[in-house]
Amino acid sequence: MSKETITIQKKKPMSLFDKIGVWCSGICVVHCILLPVFVLSFPVLSKYHEQLDELWHSVFAIASSLFFILAFSMGYKHHKNIQPLIIGVIGCGLLAVSYFFHDSLPEYLEVLTVILGGLFLMGGHFWNHHCGHCHHDHSPIEKCQH
């Protein structure tokens with residue numbers, strides 16, 4: 001009798017940096033969508049909106065950039081697929097435009113760039129995670145095309 005070996009591959013958990021990056025990007029998107037609703041619903045919040053908005057943008061711009069650099073650099077070293085990195089760069093670029101030019105952009109355009117930037121960054125993190133946790137070998141020549 002021959003024994004059949006069944007191998008079960010466990011899915012590796014999403015890298016910590018990709019997880020945090022997805023959360024930071026998602027929170028930014030939710031913030032940009034819901035904050036105007038809350039300010040309109042509760043006028044007392046408008047008094048603190050300006051100060052908190054500046055602080056919020058600074059904290060999340062720095063956090064998103066940091067986790068972008070960590071997650072995508074480690075992911076690229078593993079899977080050698082530049083496509084998630086390009087999506088992430090587009091997302092970070094849109095967030096940077098919103099952060100550095102928020103005074104000169106119309107408010108709707110600032111919100112739009114943050115939402116699109118956050119969504120691009122989230123997509124890039126998910127793609128980076130997927131390529132980084134596939135179940136085949138990678139070589140510098142053959143790139144993972146998920």
# chains A, B, ... in the order shown; residues from 1 in each chain; ligands from 1
call {"tool": "residues_around", "arguments": {"residues": "segment 29-35 of chain A", "least_positions_apart": "6", "cutoff": "8 Å", "atoms": "only C-alpha atoms", "output": "ChimeraX atom specification"}}
result
/A:111,114-115,118-119
call {"tool": "write_last_selection", "arguments": {"atoms": "N, CA and C atoms", "output": "mmCIF file, in the first residue's frame"}}
result
data_model
loop_
_atom_site.group_PDB
_atom_site.id
_atom_site.type_symbol
_atom_site.label_atom_id
_atom_site.label_comp_id
_atom_site.auth_asym_id
_atom_site.auth_seq_id
_atom_site.Cartn_x
_atom_site.Cartn_y
_atom_site.Cartn_z
ATOM 1 N N VAL A 111 -11.017 66.667 -1.056
ATOM 2 C CA VAL A 111 -11.676 65.455 -0.568
ATOM 3 C C VAL A 111 -11.557 64.332 -1.598
ATOM 4 N N VAL A 114 -8.031 62.847 -1.604
ATOM 5 C CA VAL A 114 -7.789 62.011 -0.425
ATOM 6 C C VAL A 114 -8.511 60.669 -0.568
ATOM 7 N N ILE A 115 -9.752 60.709 -1.010
ATOM 8 C CA ILE A 115 -10.513 59.461 -1.162
ATOM 9 C C ILE A 115 -9.865 58.567 -2.214
ATOM 10 N N GLY A 118 -6.486 57.294 -0.892
ATOM 11 C CA GLY A 118 -6.675 56.231 0.095
ATOM 12 C C GLY A 118 -7.089 54.920 -0.541
ATOM 13 N N LEU A 119 -7.987 54.998 -1.530
ATOM 14 C CA LEU A 119 -8.432 53.777 -2.211
ATOM 15 C C LEU A 119 -7.299 53.138 -3.020
#
call {"tool": "residues_around", "arguments": {"residues": "segment 16-26 of chain A", "least_positions_apart": "3", "cutoff": "8 Å", "atoms": "only C-alpha atoms", "output": "ChimeraX atom specification"}}
result
/A:29-30,60,63-64,67-68,70-71,118-119,121-122,125-126,128-129
call {"tool": "atom_distance", "arguments": {"atom1": "atom CA of His79 of chain A", "atom2": "atom CA of Gly93 of chain A"}}
result
22.8 Å
call {"tool": "residues_around", "arguments": {"residues": "segment 102-109 of chain A", "least_positions_apart": "2", "cutoff": "12 Å", "atoms": "only C-alpha atoms", "output": "VMD selection string"}}
result
chain A and resid 32 to 33 36 50 53 to 54 57 to 58 94 to 100 111 to 117
